[in-house]
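Colleague: What follows is start.txt, compact mmCIF, C-alpha atoms.
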```txt
# COMPACT_ATOMS: atom_id res chain seq x y z
CA MET A 1 0.00 0.00 0.00
CA ASN A 2 1.22 3.44 -0.86
CA THR A 3 1.90 5.87 1.94
CA THR A 4 1.56 9.56 1.35
CA LYS A 5 3.50 10.54 4.42
CA LEU A 6 5.96 13.25 3.67
CA ASP A 7 9.52 12.47 4.54
CA THR A 8 10.73 15.33 6.66
CA THR A 9 14.11 14.04 7.68
CA THR A 10 16.90 16.24 6.49
CA THR A 11 20.25 15.15 5.28
CA PRO A 12 23.33 16.46 7.07
CA GLU A 13 24.13 18.59 4.02
CA GLN A 14 20.90 20.48 4.38
CA GLN A 15 21.45 21.10 8.05
CA ALA A 16 24.84 22.64 7.46
CA GLN A 17 24.91 26.40 7.57
CA VAL A 18 24.76 27.98 4.18
CA HIS A 19 27.82 30.15 3.94
CA ALA A 20 28.05 32.87 1.32
CA TRP A 21 31.45 32.55 -0.28
CA ARG A 22 32.93 34.99 -2.65
CA ARG A 23 35.53 34.00 -5.18
CA PRO A 24 38.36 36.52 -5.05
CA ARG A 25 40.29 37.85 -8.02
CA TYR A 26 43.79 36.46 -8.20
CA ASP A 27 46.96 36.59 -10.25
CA VAL A 28 49.56 33.90 -10.60
CA SER A 29 53.06 34.63 -11.82
CA GLU A 30 55.96 32.29 -12.19
CA SER A 31 59.65 32.74 -11.68
CA THR A 32 62.38 30.14 -12.11
CA ASP A 33 62.10 28.79 -8.58
CA ALA A 34 58.65 29.78 -7.33
CA PHE A 35 55.06 30.64 -8.10
CA ASP A 36 53.68 33.89 -6.79
CA VAL A 37 49.93 34.00 -6.13
CA LYS A 38 48.33 37.33 -5.35
CA VAL A 39 44.75 37.18 -4.08
CA SER A 40 42.63 40.29 -3.62
CA MET A 41 40.81 40.07 -0.31
CA PRO A 42 39.79 43.53 0.81
CA GLY A 43 38.61 43.62 4.41
CA VAL A 44 40.68 40.62 5.49
CA THR A 45 43.45 40.92 8.06
CA ARG A 46 46.38 38.58 8.66
CA ASP A 47 44.42 36.60 11.26
CA GLY A 48 41.49 36.01 8.94
CA VAL A 49 43.44 34.01 6.38
CA THR A 50 43.73 30.24 6.40
CA ILE A 51 45.80 28.40 3.85
CA SER A 52 45.86 24.65 3.53
CA VAL A 53 47.52 22.28 1.12
CA ASP A 54 46.04 18.85 0.68
CA GLY A 55 47.79 16.85 -1.96
CA GLU A 56 47.20 18.68 -5.19
CA SER A 57 44.74 21.20 -3.90
CA LEU A 58 45.59 24.51 -2.33
CA SER A 59 42.68 26.12 -0.55
CA ILE A 60 42.62 29.64 0.74
CA THR A 61 39.88 31.20 2.82
CA GLY A 62 39.68 34.75 4.05
CA THR A 63 37.31 35.95 6.74
CA ARG A 64 36.33 39.57 6.56
CA THR A 65 36.60 41.67 9.66
CA HIS A 66 35.01 44.61 7.95
CA GLU A 67 31.27 44.69 8.49
CA ALA A 68 29.03 47.70 8.22
CA PRO A 69 27.97 48.65 11.76
CA LYS A 70 24.40 47.87 12.76
CA GLY A 71 23.07 51.43 12.65
CA TRP A 72 24.16 52.04 9.07
CA ARG A 73 21.25 52.04 6.66
CA PRO A 74 22.28 51.05 3.15
CA LEU A 75 21.55 53.51 0.35
CA ARG A 76 23.41 51.76 -2.43
CA ARG A 77 25.11 48.38 -2.33
CA GLU A 78 27.64 47.33 -4.90
CA LEU A 79 30.20 45.41 -2.87
CA GLN A 80 29.64 41.69 -2.57
CA GLU A 81 28.96 40.15 0.77
CA GLY A 82 30.65 37.17 2.28
CA ASP A 83 34.03 35.69 3.01
CA TYR A 84 36.50 34.66 0.38
CA ARG A 85 37.31 31.17 -0.73
CA LEU A 86 39.67 30.08 -3.46
CA ASN A 87 40.68 26.57 -4.41
CA LEU A 88 43.58 26.11 -6.75
CA ARG A 89 44.89 22.88 -8.16
CA LEU A 90 48.63 22.47 -8.01
CA ASN A 91 49.87 20.54 -11.00
CA VAL A 92 53.49 21.19 -10.12
CA ALA A 93 55.17 19.83 -7.02
CA ILE A 94 55.91 22.54 -4.47
CA LYS A 95 57.71 22.62 -1.14
CA GLU A 96 54.76 22.76 1.20
CA ALA A 97 56.87 23.52 4.25
CA GLU A 98 58.37 26.61 2.65
CA ILE A 99 55.21 28.40 1.56
CA ARG A 100 55.34 32.00 2.62
CA ALA A 101 52.30 34.20 2.97
CA HIS A 102 51.94 37.89 3.58
CA VAL A 103 48.86 40.11 3.81
CA GLU A 104 49.01 43.80 3.09
CA ASP A 105 46.31 46.32 2.15
CA GLY A 106 43.80 43.58 1.49
CA VAL A 107 46.04 41.53 -0.79
CA LEU A 108 47.34 38.10 0.13
CA ASP A 109 50.74 37.40 -1.38
CA LEU A 110 51.63 33.70 -1.48
CA MET A 111 55.03 32.36 -2.46
CA LEU A 112 54.99 28.72 -3.46
CA PRO A 113 58.55 27.49 -3.93
CA LYS A 114 58.88 24.82 -6.58
CA ALA A 115 60.19 21.44 -5.57
CA ASP A 116 63.76 20.79 -6.65
CA GLU A 117 62.84 18.15 -9.18
CA VAL A 118 60.69 20.54 -11.23
CA LYS A 119 63.13 23.45 -11.22
CA PRO A 120 64.91 24.05 -14.49
CA ARG A 121 68.39 22.60 -14.43
CA LYS A 122 71.46 23.55 -16.32
CA ILE A 123 73.26 20.59 -17.77
CA ARG A 124 76.87 21.12 -18.43
CA VAL A 125 78.33 19.71 -21.58
CA SER A 126 81.30 17.65 -20.60
CA MET B 1 22.02 78.05 -7.05
CA LYS B 2 20.85 74.50 -7.48
CA LEU B 3 17.63 73.56 -9.20
CA VAL B 4 17.49 70.11 -7.68
CA ARG B 5 18.18 69.38 -4.06
CA TYR B 6 19.97 66.16 -3.32
CA GLU B 7 19.01 64.45 -0.13
CA TYR B 8 21.12 61.32 -0.67
CA PRO B 9 24.56 60.65 -2.04
CA GLN B 10 24.67 59.06 -5.46
CA ALA B 11 27.28 57.02 -7.24
CA PRO B 12 26.83 56.94 -10.98
CA SER B 13 29.12 54.75 -13.06
CA THR B 14 31.74 56.64 -14.98
CA SER B 15 31.43 54.74 -18.21
CA ALA B 16 28.46 55.71 -20.33
CA PHE B 17 27.90 52.10 -21.26
CA ASN B 18 27.58 51.00 -17.66
CA ARG B 19 25.43 54.00 -16.88
CA LEU B 20 22.97 52.80 -19.47
CA PHE B 21 22.54 49.58 -17.55
CA ASP B 22 22.40 51.32 -14.20
CA LEU B 23 19.31 53.29 -15.12
CA GLY B 24 16.46 52.46 -12.87
CA MET B 25 18.57 50.13 -10.77
CA PRO B 26 19.44 52.13 -7.72
CA SER B 27 20.79 49.26 -5.68
CA ALA B 28 21.65 45.58 -5.58
CA ALA B 29 22.96 44.05 -8.77
CA ARG B 30 24.69 46.57 -10.92
CA PHE B 31 24.23 45.25 -14.38
CA GLY B 32 26.94 47.43 -15.80
CA GLU B 33 29.54 45.68 -13.70
CA LEU B 34 28.93 42.50 -15.69
CA PHE B 35 30.73 44.09 -18.57
CA ASP B 36 33.61 45.18 -16.37
CA ASP B 37 33.91 41.63 -15.14
CA TYR B 38 33.82 40.27 -18.63
CA TRP B 39 36.36 42.57 -20.16
CA GLY B 40 38.33 42.97 -17.01
CA PRO B 41 40.76 45.72 -16.21
CA GLU B 42 41.86 45.87 -19.85
CA THR B 43 39.02 48.28 -20.51
CA GLY B 44 41.23 51.04 -19.16
CA SER B 45 40.82 52.62 -15.82
CA HIS B 46 39.28 50.49 -13.14
CA GLN B 47 36.15 51.67 -11.42
CA PRO B 48 35.97 50.41 -7.84
CA ALA B 49 32.62 49.39 -6.39
CA VAL B 50 31.18 51.61 -3.70
CA ASP B 51 28.66 51.09 -0.90
CA LEU B 52 26.75 54.06 0.44
CA TYR B 53 25.20 54.09 3.91
CA GLU B 54 23.70 56.58 6.28
CA ASP B 55 22.84 56.82 9.93
CA ASP B 56 21.30 59.72 11.80
CA GLN B 57 24.56 61.64 12.03
CA ASN B 58 26.52 60.77 8.90
CA PHE B 59 26.63 59.48 5.38
CA PHE B 60 29.24 56.79 4.70
CA ALA B 61 30.94 55.56 1.57
CA CYS B 62 32.99 52.33 1.47
CA LEU B 63 35.26 51.39 -1.43
CA GLU B 64 37.34 48.28 -1.96
CA LEU B 65 40.83 49.16 -3.11
CA PRO B 66 42.92 46.03 -2.57
CA GLY B 67 46.63 46.41 -3.08
CA VAL B 68 46.55 50.20 -3.14
CA LYS B 69 48.87 52.03 -0.77
CA LYS B 70 47.32 54.68 1.42
CA ASP B 71 49.48 57.40 -0.10
CA ALA B 72 48.34 56.50 -3.60
CA ILE B 73 44.70 57.31 -2.88
CA ASP B 74 43.64 60.77 -3.93
CA LEU B 75 40.36 62.25 -2.72
CA GLN B 76 39.12 65.44 -4.23
CA LEU B 77 35.99 67.35 -3.39
CA GLU B 78 34.83 69.75 -6.05
CA ASN B 79 31.47 71.44 -5.78
CA ALA B 80 29.30 68.54 -4.71
CA VAL B 81 31.33 65.75 -6.29
CA LEU B 82 33.80 63.66 -4.35
CA THR B 83 36.25 61.89 -6.61
CA PHE B 84 38.42 58.96 -5.54
CA SER B 85 41.31 58.33 -7.84
CA GLY B 86 44.79 56.98 -7.86
CA SER B 87 47.38 55.21 -9.88
CA TYR B 88 49.98 52.78 -8.71
CA SER B 89 52.38 50.33 -10.19
CA GLU B 90 53.33 46.92 -9.04
CA GLU B 91 56.72 45.47 -9.65
CA THR B 92 57.21 41.75 -9.66
CA LYS B 93 60.47 40.25 -10.82
CA GLY B 94 61.09 41.87 -14.15
CA ALA B 95 57.49 42.78 -14.92
CA LYS B 96 55.91 46.09 -14.08
CA SER B 97 52.19 46.66 -14.30
CA ASP B 98 50.41 49.96 -13.92
CA TYR B 99 46.96 50.28 -12.45
CA SER B 100 44.66 53.21 -12.02
CA PHE B 101 41.17 53.73 -10.71
CA GLN B 102 38.63 56.49 -10.53
CA ARG B 103 35.17 56.81 -9.05
CA SER B 104 32.99 59.74 -8.16
CA ILE B 105 30.06 60.11 -5.84
CA SER B 106 27.82 63.10 -5.45
CA VAL B 107 27.79 64.60 -1.98
CA PRO B 108 24.24 65.51 -0.97
CA ASP B 109 23.08 68.81 0.44
CA GLY B 110 23.35 69.11 4.15
CA VAL B 111 26.79 67.55 4.50
CA ALA B 112 29.35 69.51 6.46
CA ARG B 113 31.87 69.54 3.61
CA ASP B 114 34.81 70.69 5.68
CA LYS B 115 34.34 67.82 8.12
CA ILE B 116 34.54 64.96 5.61
CA LYS B 117 37.02 62.36 6.84
CA ALA B 118 38.48 59.24 5.27
CA SER B 119 40.29 56.21 6.63
CA TYR B 120 41.92 53.27 4.90
CA GLU B 121 42.33 49.84 6.42
CA ASN B 122 42.92 46.38 4.96
CA GLY B 123 42.13 47.51 1.45
CA ILE B 124 38.88 49.24 2.34
CA LEU B 125 38.49 52.98 2.19
CA THR B 126 35.77 54.43 4.42
CA VAL B 127 34.65 58.01 3.99
CA ILE B 128 32.56 59.69 6.69
CA MET B 129 30.43 62.64 5.65
CA PRO B 130 28.85 64.26 8.72
CA LYS B 131 25.41 65.79 8.30
CA GLU B 132 24.81 69.38 9.25
CA ASP B 133 22.67 69.84 12.34
CA THR B 134 19.63 71.09 10.45
CA TYR B 135 19.58 67.92 8.36
CA LYS B 136 19.75 65.49 11.25
CA PRO B 137 16.48 63.87 12.21
CA ARG B 138 15.03 65.27 15.40
CA GLN B 139 12.09 64.60 17.63
CA ILE B 140 9.39 67.23 17.91
CA THR B 141 7.46 67.18 21.14
CA VAL B 142 3.72 67.72 21.11
CA LYS B 143 2.65 70.45 23.51
```
Mind converting the file's structure to structure tokens?

Modeller:
Amino acid sequence: MNTTKLDTTTTPEQQAQVHAWRRPRYDVSESTDAFDVKVSMPGVTRDGVTISVDGESLSITGTRTHEAPKGWRPLRRELQEGDYRLNLRLNVAIKEAEIRAHVEDGVLDLMLPKADEVKPRKIRVS
Amino acid sequence: MKLVRYEYPQAPSTSAFNRLFDLGMPSAARFGELFDDYWGPETGSHQPAVDLYEDDQNFFACLELPGVKKDAIDLQLENAVLTFSGSYSEETKGAKSDYSFQRSISVPDGVARDKIKASYENGILTVIMPKEDTYKPRQITVK
């Protein structure tokens, strides 16, 4: 017999808080021994940044400390809301222990040193 | 003498093309920005997004200017137009890139122009425009 009872159980995914993420603009440049990733994260301080490397994926999140105070009534809104999240895939081996990060004026500057085996090598003709 | 009195600050887009798409869309999604996103900064000077707020005492403007040094930000108030502009260059090993931005907002009537203040922190510029006393909301008691 068919039951018409509505299933109201929720999956864990639905219970999780919906978080508004914002994908930041970023630039990647390469030098002979490192990659330089610059991520624009206005409103994020040094403490708000988390960087994690898991195998091939590099994930960066930035939590904004800048919030409009409660009493401010918006007249025009153009800036996006939410914290920043960026996932990048690393297809080149890097030295995870030597990643350096620096935040200044709302820009995260990440230095990803290349692993020795992928650095260009000079081979001397003997 | 002004024919129209402005009670609120306004932030029109500088490019005529974007302005076309801004018509009738005072807030929320700025359609014009779609084109900026699509063509990117190659379309010339970058136009930073701005949020406008008010409370009983002040009007506020917030702009995102990531990567810009405080000294490179130029604020100019002319008549009733406040213009944010600046140019800066970034040097990474061997390559030098130049950036510039400009954005204007109209300052409404009733703002104490000589008391406008600006602060810059973590890539966000906040401008405080205090209202003159006669423009602040006040309670009128019934006798």

Colleague: Can you list, as an NGL selection string, every protein, DNA or RNA residue that comes within 10 Å of segment 75-92 of chain B when you count only C-alpha atoms, leaving out same-chain residues fewer than 2 positions away?

Modeller: (:A and (29-31 or 36)) or (:B and (6 or 9-11 or 45-48 or 63 or 65 or 67-73 or 94-109 or 111 or 113-114 or 116 or 118 or 125 or 127))

Colleague: For the residues in that selection, give me C-alpha atoms as a CSV table (one decimal), in the coordinates of the input.

Modeller:
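Ended up saving to again.csv:
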```
chain,number,residue,atom,x,y,z
A,29,SER,CA,53.1,34.6,-11.8
A,30,GLU,CA,56.0,32.3,-12.2
A,31,SER,CA,59.6,32.7,-11.7
A,36,ASP,CA,53.7,33.9,-6.8
B,6,TYR,CA,20.0,66.2,-3.3
B,9,PRO,CA,24.6,60.6,-2.0
B,10,GLN,CA,24.7,59.1,-5.5
B,11,ALA,CA,27.3,57.0,-7.2
B,45,SER,CA,40.8,52.6,-15.8
B,46,HIS,CA,39.3,50.5,-13.1
B,47,GLN,CA,36.2,51.7,-11.4
B,48,PRO,CA,36.0,50.4,-7.8
B,63,LEU,CA,35.3,51.4,-1.4
B,65,LEU,CA,40.8,49.2,-3.1
B,67,GLY,CA,46.6,46.4,-3.1
B,68,VAL,CA,46.6,50.2,-3.1
B,69,LYS,CA,48.9,52.0,-0.8
B,70,LYS,CA,47.3,54.7,1.4
B,71,ASP,CA,49.5,57.4,-0.1
B,72,ALA,CA,48.3,56.5,-3.6
B,73,ILE,CA,44.7,57.3,-2.9
B,94,GLY,CA,61.1,41.9,-14.2
B,95,ALA,CA,57.5,42.8,-14.9
B,96,LYS,CA,55.9,46.1,-14.1
B,97,SER,CA,52.2,46.7,-14.3
B,98,ASP,CA,50.4,50.0,-13.9
B,99,TYR,CA,47.0,50.3,-12.4
B,100,SER,CA,44.7,53.2,-12.0
B,101,PHE,CA,41.2,53.7,-10.7
B,102,GLN,CA,38.6,56.5,-10.5
B,103,ARG,CA,35.2,56.8,-9.0
B,104,SER,CA,33.0,59.7,-8.2
B,105,ILE,CA,30.1,60.1,-5.8
B,106,SER,CA,27.8,63.1,-5.4
B,107,VAL,CA,27.8,64.6,-2.0
B,108,PRO,CA,24.2,65.5,-1.0
B,109,ASP,CA,23.1,68.8,0.4
B,111,VAL,CA,26.8,67.6,4.5
B,113,ARG,CA,31.9,69.5,3.6
B,114,ASP,CA,34.8,70.7,5.7
B,116,ILE,CA,34.5,65.0,5.6
B,118,ALA,CA,38.5,59.2,5.3
B,125,LEU,CA,38.5,53.0,2.2
B,127,VAL,CA,34.6,58.0,4.0
```

Colleague: Residues within 9 Å of Pro24 of chain A, please, as a PyMOL selection string. Count only C-alpha atoms; anything in the same chain fewer than 5 positions from it doesn't count.

Modeller: chain A and resi 39-41+84-86

Colleague: Quick check, in Å to one decimal: how far apart do atom CA of Thr45 of chain A and atom CA of Asn58 of chain B lie?

Modeller: 26.1 Å

Colleague: Got a sec to pull out which chain A residues are within 8 Å of chain B, counting all atoms listed in the file, and send them as a list of chain:residue names?

Modeller: A:Ser31, A:Ser40, A:Met41, A:Pro42, A:Gly43, A:Val44, A:Thr45, A:Gly71, A:Trp72, A:Arg73, A:Pro74, A:Leu75, A:Arg76, A:Arg77, A:Glu78, A:Leu79, A:Glu104, A:Asp105, A:Gly106, A:Val107

Colleague: What is the atom CA of Arg138 of chain B-atom CA of Gln57 of chain B distance in Å, reported with one decimal?

Modeller: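 We find that atom CA of Arg138 of chain B and atom CA of Gln57 of chain B lie 10.7 Å from each other.
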
Colleague: In Å, with one decimal, what is the gap from atom CA of Pro130 of chain B to atom CA of Thr65 of chain A?

Modeller: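 Between atom CA of Pro130 of chain B and atom CA of Thr65 of chain A the gap is 23.9 Å.
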